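Structure file protein20.cif with mmCIF, N, CA and C atoms:
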```
data_upload
#
loop_
_atom_site.label_atom_id
_atom_site.label_comp_id
_atom_site.auth_asym_id
_atom_site.auth_seq_id
_atom_site.Cartn_x
_atom_site.Cartn_y
_atom_site.Cartn_z
N MET H 26 80.70 0.23 130.32
CA MET H 26 80.09 0.49 129.03
C MET H 26 79.08 1.63 129.22
N ASN H 27 79.18 2.66 128.38
CA ASN H 27 78.20 3.73 128.50
C ASN H 27 77.15 3.58 127.41
N ASP H 28 76.14 4.45 127.40
CA ASP H 28 75.02 4.34 126.47
C ASP H 28 75.44 4.51 125.01
N ASN H 29 76.58 5.14 124.75
CA ASN H 29 77.03 5.34 123.39
C ASN H 29 77.76 4.13 122.82
N ASP H 30 78.19 3.21 123.67
CA ASP H 30 78.87 2.01 123.21
C ASP H 30 77.86 1.04 122.61
N GLU H 31 78.27 0.41 121.50
CA GLU H 31 77.41 -0.62 120.92
C GLU H 31 77.47 -1.87 121.78
N LYS H 32 76.32 -2.51 121.91
CA LYS H 32 76.30 -3.79 122.62
C LYS H 32 76.89 -4.84 121.70
N PRO H 33 77.59 -5.83 122.25
CA PRO H 33 78.18 -6.86 121.39
C PRO H 33 77.10 -7.76 120.79
N VAL H 34 77.43 -8.36 119.66
CA VAL H 34 76.55 -9.35 119.06
C VAL H 34 76.72 -10.66 119.82
N THR H 35 75.60 -11.21 120.24
CA THR H 35 75.58 -12.49 120.95
C THR H 35 75.39 -13.60 119.92
N ILE H 36 76.11 -14.71 120.08
CA ILE H 36 75.91 -15.87 119.24
C ILE H 36 75.49 -17.04 120.12
N ILE H 37 74.48 -17.75 119.65
CA ILE H 37 73.99 -18.95 120.33
C ILE H 37 74.14 -20.10 119.34
N THR H 38 74.72 -21.21 119.79
CA THR H 38 74.88 -22.37 118.92
C THR H 38 74.05 -23.53 119.44
N GLY H 39 73.68 -24.43 118.54
CA GLY H 39 72.92 -25.61 118.94
C GLY H 39 72.41 -26.37 117.74
N ARG H 40 71.28 -27.04 117.93
CA ARG H 40 70.64 -27.84 116.89
C ARG H 40 69.15 -27.53 116.88
N VAL H 41 68.55 -27.65 115.70
CA VAL H 41 67.11 -27.42 115.55
C VAL H 41 66.51 -28.53 114.70
N TRP H 42 65.20 -28.72 114.89
CA TRP H 42 64.45 -29.71 114.13
C TRP H 42 63.20 -29.04 113.57
N ARG H 43 62.95 -29.24 112.28
CA ARG H 43 61.72 -28.71 111.67
C ARG H 43 60.51 -29.47 112.18
N LYS H 44 60.66 -30.80 112.32
CA LYS H 44 59.59 -31.66 112.84
C LYS H 44 60.20 -32.56 113.90
N LYS H 45 59.40 -32.92 114.90
CA LYS H 45 59.89 -33.84 115.94
C LYS H 45 60.33 -35.14 115.29
N GLY H 46 61.50 -35.60 115.66
CA GLY H 46 62.03 -36.85 115.14
C GLY H 46 62.75 -36.73 113.80
N ALA H 47 62.74 -35.55 113.20
CA ALA H 47 63.42 -35.34 111.91
C ALA H 47 64.93 -35.22 112.14
N LYS H 48 65.67 -35.18 111.06
CA LYS H 48 67.12 -35.01 111.14
C LYS H 48 67.44 -33.61 111.65
N PRO H 49 68.36 -33.48 112.60
CA PRO H 49 68.68 -32.16 113.14
C PRO H 49 69.53 -31.34 112.17
N GLU H 50 69.42 -30.03 112.29
CA GLU H 50 70.28 -29.10 111.58
C GLU H 50 71.08 -28.34 112.64
N GLY H 51 72.33 -28.03 112.34
CA GLY H 51 73.10 -27.16 113.22
C GLY H 51 72.57 -25.75 113.07
N VAL H 52 72.71 -24.95 114.11
CA VAL H 52 72.22 -23.57 114.05
C VAL H 52 73.17 -22.62 114.78
N HIS H 53 73.36 -21.46 114.18
CA HIS H 53 74.03 -20.33 114.82
C HIS H 53 73.03 -19.18 114.77
N ILE H 54 72.72 -18.62 115.91
CA ILE H 54 71.77 -17.52 116.01
C ILE H 54 72.54 -16.30 116.51
N MET H 55 72.42 -15.19 115.79
CA MET H 55 73.11 -13.96 116.17
C MET H 55 72.08 -12.87 116.43
N LEU H 56 72.29 -12.14 117.53
CA LEU H 56 71.38 -11.06 117.90
C LEU H 56 72.05 -10.16 118.92
N VAL H 57 71.46 -9.02 119.16
CA VAL H 57 71.91 -8.11 120.21
C VAL H 57 70.82 -8.10 121.27
N ALA H 58 71.21 -8.38 122.50
CA ALA H 58 70.25 -8.45 123.61
C ALA H 58 70.91 -7.90 124.87
N PRO H 59 70.09 -7.43 125.83
CA PRO H 59 70.65 -6.85 127.05
C PRO H 59 71.30 -7.88 127.98
N ASP H 60 70.88 -9.15 127.89
CA ASP H 60 71.45 -10.19 128.75
C ASP H 60 71.21 -11.56 128.12
N ASP H 61 71.83 -12.59 128.67
CA ASP H 61 71.73 -13.94 128.11
C ASP H 61 70.30 -14.47 128.13
N ASP H 62 69.55 -14.22 129.21
CA ASP H 62 68.18 -14.72 129.28
C ASP H 62 67.31 -14.13 128.17
N SER H 63 67.46 -12.83 127.95
CA SER H 63 66.70 -12.18 126.88
C SER H 63 67.13 -12.71 125.52
N ALA H 64 68.42 -12.97 125.35
CA ALA H 64 68.93 -13.50 124.09
C ALA H 64 68.32 -14.87 123.79
N VAL H 65 68.32 -15.74 124.78
CA VAL H 65 67.76 -17.09 124.59
C VAL H 65 66.26 -17.00 124.29
N ARG H 66 65.55 -16.18 125.02
CA ARG H 66 64.11 -16.02 124.80
C ARG H 66 63.83 -15.52 123.38
N SER H 67 64.57 -14.51 122.94
CA SER H 67 64.39 -13.97 121.59
C SER H 67 64.75 -15.00 120.52
N ALA H 68 65.81 -15.76 120.77
CA ALA H 68 66.22 -16.80 119.82
C ALA H 68 65.14 -17.87 119.67
N LEU H 69 64.60 -18.33 120.79
CA LEU H 69 63.56 -19.36 120.73
C LEU H 69 62.29 -18.85 120.05
N GLU H 70 61.94 -17.59 120.30
CA GLU H 70 60.77 -17.00 119.63
C GLU H 70 60.99 -16.92 118.13
N ALA H 71 62.19 -16.51 117.71
CA ALA H 71 62.50 -16.41 116.28
C ALA H 71 62.47 -17.78 115.61
N LEU H 72 63.01 -18.79 116.29
CA LEU H 72 62.99 -20.15 115.73
C LEU H 72 61.56 -20.64 115.57
N ALA H 73 60.71 -20.38 116.56
CA ALA H 73 59.31 -20.80 116.47
C ALA H 73 58.62 -20.10 115.30
N LYS H 74 58.87 -18.81 115.12
CA LYS H 74 58.27 -18.06 114.00
C LYS H 74 58.71 -18.62 112.65
N GLU H 75 59.93 -19.17 112.60
CA GLU H 75 60.46 -19.75 111.36
C GLU H 75 59.99 -21.19 111.15
N GLY H 76 59.21 -21.72 112.09
CA GLY H 76 58.63 -23.05 111.91
C GLY H 76 59.41 -24.21 112.49
N TYR H 77 60.38 -23.93 113.34
CA TYR H 77 61.13 -25.03 113.96
C TYR H 77 60.33 -25.58 115.14
N ALA H 78 60.22 -26.91 115.19
CA ALA H 78 59.43 -27.57 116.22
C ALA H 78 60.22 -27.74 117.52
N GLU H 79 61.54 -27.96 117.39
CA GLU H 79 62.37 -28.19 118.57
C GLU H 79 63.70 -27.48 118.40
N ALA H 80 64.29 -27.13 119.53
CA ALA H 80 65.62 -26.53 119.55
C ALA H 80 66.38 -27.02 120.77
N GLU H 81 67.66 -27.26 120.58
CA GLU H 81 68.56 -27.63 121.67
C GLU H 81 69.73 -26.66 121.59
N LEU H 82 69.79 -25.72 122.51
CA LEU H 82 70.82 -24.69 122.48
C LEU H 82 71.96 -25.11 123.40
N ASP H 83 73.19 -25.02 122.87
CA ASP H 83 74.35 -25.53 123.59
C ASP H 83 75.21 -24.45 124.24
N GLN H 84 75.52 -23.39 123.48
CA GLN H 84 76.45 -22.38 123.99
C GLN H 84 75.94 -20.99 123.64
N ILE H 85 76.33 -20.04 124.48
CA ILE H 85 76.01 -18.64 124.23
C ILE H 85 77.24 -17.82 124.59
N GLY H 86 77.50 -16.79 123.80
CA GLY H 86 78.65 -15.92 124.09
C GLY H 86 78.61 -14.69 123.21
N ASP H 87 79.49 -13.75 123.52
CA ASP H 87 79.60 -12.53 122.72
C ASP H 87 80.65 -12.73 121.64
N MET H 88 80.35 -12.27 120.44
CA MET H 88 81.29 -12.37 119.33
C MET H 88 82.41 -11.36 119.52
N GLN H 89 83.59 -11.74 119.10
CA GLN H 89 84.77 -10.87 119.19
C GLN H 89 85.09 -10.33 117.81
N GLY H 90 84.22 -9.49 117.28
CA GLY H 90 84.43 -8.92 115.96
C GLY H 90 83.59 -9.60 114.89
N GLU H 91 83.65 -9.03 113.70
CA GLU H 91 82.85 -9.52 112.57
C GLU H 91 83.42 -10.82 112.03
N PRO H 92 82.56 -11.77 111.65
CA PRO H 92 83.04 -13.02 111.06
C PRO H 92 83.66 -12.78 109.69
N ASP H 93 84.38 -13.79 109.19
CA ASP H 93 85.11 -13.67 107.92
C ASP H 93 84.33 -14.17 106.71
N ASP H 94 83.35 -15.05 106.89
CA ASP H 94 82.71 -15.71 105.76
C ASP H 94 81.19 -15.55 105.79
N GLU H 95 80.60 -15.62 104.59
CA GLU H 95 79.15 -15.68 104.46
C GLU H 95 78.71 -17.10 104.79
N PRO H 96 77.53 -17.32 105.29
CA PRO H 96 76.45 -16.36 105.52
C PRO H 96 76.56 -15.65 106.87
N HIS H 97 77.63 -15.92 107.61
CA HIS H 97 77.77 -15.33 108.94
C HIS H 97 77.98 -13.82 108.91
N ILE H 98 78.63 -13.30 107.85
CA ILE H 98 78.82 -11.85 107.76
C ILE H 98 77.46 -11.16 107.68
N SER H 99 76.58 -11.67 106.82
CA SER H 99 75.24 -11.08 106.67
C SER H 99 74.43 -11.22 107.96
N ALA H 100 74.56 -12.37 108.63
CA ALA H 100 73.84 -12.59 109.88
C ALA H 100 74.32 -11.61 110.95
N TYR H 101 75.61 -11.38 111.00
CA TYR H 101 76.19 -10.43 111.96
C TYR H 101 75.66 -9.02 111.70
N GLN H 102 75.64 -8.62 110.41
CA GLN H 102 75.12 -7.30 110.05
C GLN H 102 73.64 -7.19 110.43
N GLY H 103 72.87 -8.24 110.18
CA GLY H 103 71.46 -8.25 110.55
C GLY H 103 71.27 -8.07 112.05
N ALA H 104 72.12 -8.74 112.81
CA ALA H 104 72.04 -8.63 114.28
C ALA H 104 72.33 -7.19 114.72
N LEU H 105 73.32 -6.55 114.10
CA LEU H 105 73.63 -5.16 114.44
C LEU H 105 72.47 -4.23 114.11
N GLU H 106 71.65 -4.62 113.13
CA GLU H 106 70.50 -3.82 112.72
C GLU H 106 69.23 -4.16 113.50
N GLY H 107 69.35 -5.04 114.49
CA GLY H 107 68.22 -5.36 115.36
C GLY H 107 67.47 -6.63 115.02
N GLU H 108 67.94 -7.39 114.05
CA GLU H 108 67.29 -8.64 113.69
C GLU H 108 67.82 -9.79 114.54
N VAL H 109 67.05 -10.87 114.59
CA VAL H 109 67.54 -12.13 115.12
C VAL H 109 67.89 -12.95 113.89
N SER H 110 69.18 -13.15 113.65
CA SER H 110 69.65 -13.82 112.44
C SER H 110 69.90 -15.29 112.72
N ILE H 111 69.37 -16.14 111.85
CA ILE H 111 69.47 -17.59 112.02
C ILE H 111 70.23 -18.17 110.84
N VAL H 112 71.31 -18.89 111.13
CA VAL H 112 72.09 -19.60 110.11
C VAL H 112 72.00 -21.08 110.43
N THR H 113 71.48 -21.88 109.48
CA THR H 113 71.42 -23.33 109.69
C THR H 113 72.37 -24.02 108.73
N PHE H 114 72.78 -25.22 109.12
CA PHE H 114 73.72 -26.00 108.31
C PHE H 114 73.53 -27.47 108.66
N ASN H 115 73.98 -28.35 107.76
CA ASN H 115 73.87 -29.79 108.02
C ASN H 115 74.72 -30.15 109.21
N GLU H 116 74.13 -30.85 110.12
CA GLU H 116 74.82 -31.31 111.33
C GLU H 116 75.70 -32.49 110.95
N PRO H 117 77.02 -32.44 111.25
CA PRO H 117 77.88 -33.59 110.93
C PRO H 117 77.46 -34.83 111.71
N LEU H 118 77.57 -35.96 111.08
CA LEU H 118 77.18 -37.22 111.72
C LEU H 118 78.24 -37.71 112.65
#
```
Could I get this file's structure written as structure tokens?
Amino acid sequence: MNDNDEKPVTIITGRVWRKKGAKPEGVHIMLVAPDDDSAVRSALEALAKEGYAEAELDQIGDMQGEPDDEPHISAYQGALEGEVSIVTFNEPL
């Protein structure tokens, strides 16, 4: 990869809690980072800024192209623009 190549969008999946002991929400975090450690650090900082008390991150990987559906399309675009994009959803029981 040379300097002109775009870095891939990294996606991190897991669960988050607004308050300790509250019901968990599923989370997909999209961002561009130089490595996995930096991605996890940036994701945790962004979650803390958004007021999440706890996070449990399960998987990390590079996305293989743009997603097909909202809100993931907007999150992907935000990540390409340098944002840490957070998508939450109800965690299935």
Which residues come within 7 Å of Gly76 of chain H, counting all atoms listed in the file, excluding same-chain residues fewer than 2 positions away, as a PyMOL selection string?
chain H and resi 42-44+71-74+78-79
Check the smallest atom-to-atom distance from each of H:Lys45, H:Ser110, H:Thr35, H:Glu81 to Ala58 of chain H using only N, CA and C atoms, then report the winner.
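Going through H:Lys45, H:Ser110, H:Thr35, H:Glu81 one by one, the smallest distance to Ala58 of chain H is for H:Thr35.
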Gly51 of chain H surroundings by only C-alpha atoms, 7 Å radius, close-in-sequence under 3 positions cut, as an mmCIF file with N, CA and C atoms, in the frame of the given file:
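Written file, result.cif:
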```cif
data_model
loop_
_atom_site.group_PDB
_atom_site.id
_atom_site.type_symbol
_atom_site.label_atom_id
_atom_site.label_comp_id
_atom_site.auth_asym_id
_atom_site.auth_seq_id
_atom_site.Cartn_x
_atom_site.Cartn_y
_atom_site.Cartn_z
ATOM 1 N N GLY H 39 73.680 -24.430 118.540
ATOM 2 C CA GLY H 39 72.920 -25.610 118.940
ATOM 3 C C GLY H 39 72.410 -26.370 117.740
ATOM 4 N N ARG H 40 71.280 -27.040 117.930
ATOM 5 C CA ARG H 40 70.640 -27.840 116.890
ATOM 6 C C ARG H 40 69.150 -27.530 116.880
ATOM 7 N N VAL H 41 68.550 -27.650 115.700
ATOM 8 C CA VAL H 41 67.110 -27.420 115.550
ATOM 9 C C VAL H 41 66.510 -28.530 114.700
ATOM 10 N N THR H 113 71.480 -21.880 109.480
ATOM 11 C CA THR H 113 71.420 -23.330 109.690
ATOM 12 C C THR H 113 72.370 -24.020 108.730
ATOM 13 N N PHE H 114 72.780 -25.220 109.120
ATOM 14 C CA PHE H 114 73.720 -26.000 108.310
ATOM 15 C C PHE H 114 73.530 -27.470 108.660
ATOM 16 N N ASN H 115 73.980 -28.350 107.760
ATOM 17 C CA ASN H 115 73.870 -29.790 108.020
ATOM 18 C C ASN H 115 74.720 -30.150 109.210
ATOM 19 N N GLU H 116 74.130 -30.850 110.120
ATOM 20 C CA GLU H 116 74.820 -31.310 111.330
ATOM 21 C C GLU H 116 75.700 -32.490 110.950
#
```
Just the number, please: distance in Å from atom C of Ala104 of chain H to atom N of Gly90 of chain H, one decimal.
12.4 Å
Which residue of H:Leu56, H:Ala68, H:Ile37, H:Leu82 approaches Ala100 of chain H most closely, using only N, CA and C atoms
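Nearest to Ala100 of chain H: H:Leu56.
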Atom CA of Asp93 of chain H to atom CA of Glu50 of chain H, straight-line distance in Å
21.7 Å
Any idea what's packed within 6 Å of Ile111 of chain H, counting all atoms listed in the file, ignoring anything in its chain fewer than 4 positions away? Could you give it as a compact mmCIF listing (two decimals) with N, CA and C atoms, keeping the file's coordinate frame?
```
# COMPACT_ATOMS: atom_id res chain seq x y z
N HIS H 53 73.36 -21.46 114.18
CA HIS H 53 74.03 -20.33 114.82
C HIS H 53 73.03 -19.18 114.77
N ILE H 54 72.72 -18.62 115.91
CA ILE H 54 71.77 -17.52 116.01
C ILE H 54 72.54 -16.30 116.51
N MET H 55 72.42 -15.19 115.79
CA MET H 55 73.11 -13.96 116.17
C MET H 55 72.08 -12.87 116.43
```
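For the atom pair formed by atom CA of Glu31 of chain H and atom CA of Asp83 of chain H, the distance is 25.2 Å, given to one decimal.
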Chain H: residues DSSP assigns to strand (DSSP E), reported as a PDB file with N, CA and C atoms, in the coordinates of the input:
```
ATOM      1  N   THR H  35      75.600 -11.210 120.240  1.00  0.00           N
ATOM      2  CA  THR H  35      75.580 -12.490 120.950  1.00  0.00           C
ATOM      3  C   THR H  35      75.390 -13.600 119.920  1.00  0.00           C
ATOM      4  N   ILE H  36      76.110 -14.710 120.080  1.00  0.00           N
ATOM      5  CA  ILE H  36      75.910 -15.870 119.240  1.00  0.00           C
ATOM      6  C   ILE H  36      75.490 -17.040 120.120  1.00  0.00           C
ATOM      7  N   ILE H  37      74.480 -17.750 119.650  1.00  0.00           N
ATOM      8  CA  ILE H  37      73.990 -18.950 120.330  1.00  0.00           C
ATOM      9  C   ILE H  37      74.140 -20.100 119.340  1.00  0.00           C
ATOM     10  N   THR H  38      74.720 -21.210 119.790  1.00  0.00           N
ATOM     11  CA  THR H  38      74.880 -22.370 118.920  1.00  0.00           C
ATOM     12  C   THR H  38      74.050 -23.530 119.440  1.00  0.00           C
ATOM     13  N   GLY H  39      73.680 -24.430 118.540  1.00  0.00           N
ATOM     14  CA  GLY H  39      72.920 -25.610 118.940  1.00  0.00           C
ATOM     15  C   GLY H  39      72.410 -26.370 117.740  1.00  0.00           C
ATOM     16  N   ARG H  40      71.280 -27.040 117.930  1.00  0.00           N
ATOM     17  CA  ARG H  40      70.640 -27.840 116.890  1.00  0.00           C
ATOM     18  C   ARG H  40      69.150 -27.530 116.880  1.00  0.00           C
ATOM     19  N   VAL H  41      68.550 -27.650 115.700  1.00  0.00           N
ATOM     20  CA  VAL H  41      67.110 -27.420 115.550  1.00  0.00           C
ATOM     21  C   VAL H  41      66.510 -28.530 114.700  1.00  0.00           C
ATOM     22  N   TRP H  42      65.200 -28.720 114.890  1.00  0.00           N
ATOM     23  CA  TRP H  42      64.450 -29.710 114.130  1.00  0.00           C
ATOM     24  C   TRP H  42      63.200 -29.040 113.570  1.00  0.00           C
ATOM     25  N   GLU H  50      69.420 -30.030 112.290  1.00  0.00           N
ATOM     26  CA  GLU H  50      70.280 -29.100 111.580  1.00  0.00           C
ATOM     27  C   GLU H  50      71.080 -28.340 112.640  1.00  0.00           C
ATOM     28  N   GLY H  51      72.330 -28.030 112.340  1.00  0.00           N
ATOM     29  CA  GLY H  51      73.100 -27.160 113.220  1.00  0.00           C
ATOM     30  C   GLY H  51      72.570 -25.750 113.070  1.00  0.00           C
ATOM     31  N   VAL H  52      72.710 -24.950 114.110  1.00  0.00           N
ATOM     32  CA  VAL H  52      72.220 -23.570 114.050  1.00  0.00           C
ATOM     33  C   VAL H  52      73.170 -22.620 114.780  1.00  0.00           C
ATOM     34  N   HIS H  53      73.360 -21.460 114.180  1.00  0.00           N
ATOM     35  CA  HIS H  53      74.030 -20.330 114.820  1.00  0.00           C
ATOM     36  C   HIS H  53      73.030 -19.180 114.770  1.00  0.00           C
ATOM     37  N   ILE H  54      72.720 -18.620 115.910  1.00  0.00           N
ATOM     38  CA  ILE H  54      71.770 -17.520 116.010  1.00  0.00           C
ATOM     39  C   ILE H  54      72.540 -16.300 116.510  1.00  0.00           C
ATOM     40  N   MET H  55      72.420 -15.190 115.790  1.00  0.00           N
ATOM     41  CA  MET H  55      73.110 -13.960 116.170  1.00  0.00           C
ATOM     42  C   MET H  55      72.080 -12.870 116.430  1.00  0.00           C
ATOM     43  N   LEU H  56      72.290 -12.140 117.530  1.00  0.00           N
ATOM     44  CA  LEU H  56      71.380 -11.060 117.900  1.00  0.00           C
ATOM     45  C   LEU H  56      72.050 -10.160 118.920  1.00  0.00           C
ATOM     46  N   GLU H  79      61.540 -27.960 117.390  1.00  0.00           N
ATOM     47  CA  GLU H  79      62.370 -28.190 118.570  1.00  0.00           C
ATOM     48  C   GLU H  79      63.700 -27.480 118.400  1.00  0.00           C
ATOM     49  N   ALA H  80      64.290 -27.130 119.530  1.00  0.00           N
ATOM     50  CA  ALA H  80      65.620 -26.530 119.550  1.00  0.00           C
ATOM     51  C   ALA H  80      66.380 -27.020 120.770  1.00  0.00           C
ATOM     52  N   GLU H  81      67.660 -27.260 120.580  1.00  0.00           N
ATOM     53  CA  GLU H  81      68.560 -27.630 121.670  1.00  0.00           C
ATOM     54  C   GLU H  81      69.730 -26.660 121.590  1.00  0.00           C
ATOM     55  N   LEU H  82      69.790 -25.720 122.510  1.00  0.00           N
ATOM     56  CA  LEU H  82      70.820 -24.690 122.480  1.00  0.00           C
ATOM     57  C   LEU H  82      71.960 -25.110 123.400  1.00  0.00           C
ATOM     58  N   ASP H  83      73.190 -25.020 122.870  1.00  0.00           N
ATOM     59  CA  ASP H  83      74.350 -25.530 123.590  1.00  0.00           C
ATOM     60  C   ASP H  83      75.210 -24.450 124.240  1.00  0.00           C
ATOM     61  N   GLN H  84      75.520 -23.390 123.480  1.00  0.00           N
ATOM     62  CA  GLN H  84      76.450 -22.380 123.990  1.00  0.00           C
ATOM     63  C   GLN H  84      75.940 -20.990 123.640  1.00  0.00           C
ATOM     64  N   ILE H  85      76.330 -20.040 124.480  1.00  0.00           N
ATOM     65  CA  ILE H  85      76.010 -18.640 124.230  1.00  0.00           C
ATOM     66  C   ILE H  85      77.240 -17.820 124.590  1.00  0.00           C
ATOM     67  N   GLY H  86      77.500 -16.790 123.800  1.00  0.00           N
ATOM     68  CA  GLY H  86      78.650 -15.920 124.090  1.00  0.00           C
ATOM     69  C   GLY H  86      78.610 -14.690 123.210  1.00  0.00           C
ATOM     70  N   ASP H  87      79.490 -13.750 123.520  1.00  0.00           N
ATOM     71  CA  ASP H  87      79.600 -12.530 122.720  1.00  0.00           C
ATOM     72  C   ASP H  87      80.650 -12.730 121.640  1.00  0.00           C
ATOM     73  N   SER H 110      69.180 -13.150 113.650  1.00  0.00           N
ATOM     74  CA  SER H 110      69.650 -13.820 112.440  1.00  0.00           C
ATOM     75  C   SER H 110      69.900 -15.290 112.720  1.00  0.00           C
ATOM     76  N   ILE H 111      69.370 -16.140 111.850  1.00  0.00           N
ATOM     77  CA  ILE H 111      69.470 -17.590 112.020  1.00  0.00           C
ATOM     78  C   ILE H 111      70.230 -18.170 110.840  1.00  0.00           C
ATOM     79  N   VAL H 112      71.310 -18.890 111.130  1.00  0.00           N
ATOM     80  CA  VAL H 112      72.090 -19.600 110.110  1.00  0.00           C
ATOM     81  C   VAL H 112      72.000 -21.080 110.430  1.00  0.00           C
ATOM     82  N   THR H 113      71.480 -21.880 109.480  1.00  0.00           N
ATOM     83  CA  THR H 113      71.420 -23.330 109.690  1.00  0.00           C
ATOM     84  C   THR H 113      72.370 -24.020 108.730  1.00  0.00           C
ATOM     85  N   PHE H 114      72.780 -25.220 109.120  1.00  0.00           N
ATOM     86  CA  PHE H 114      73.720 -26.000 108.310  1.00  0.00           C
ATOM     87  C   PHE H 114      73.530 -27.470 108.660  1.00  0.00           C
ATOM     88  N   ASN H 115      73.980 -28.350 107.760  1.00  0.00           N
ATOM     89  CA  ASN H 115      73.870 -29.790 108.020  1.00  0.00           C
ATOM     90  C   ASN H 115      74.720 -30.150 109.210  1.00  0.00           C
TER      91      ASN H 115
END
```
Could you expand the PyMOL selection byres ((chain H and resi 85) around 6) into the explicit residues it covers here, written as a ChimeraX atom specification?
/H:36-38,83-84,86-87
Identify all residues of chain H in alpha helix (DSSP H) (DSSP on the backbone) and supply them as a PyMOL selection string.
chain H and resi 61-74+97-105
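Counting only C-alpha atoms, the residue from H:Ser99, H:Asp62, H:Glu91, H:Pro49 that sits nearest to Val112 of chain H is H:Ser99.
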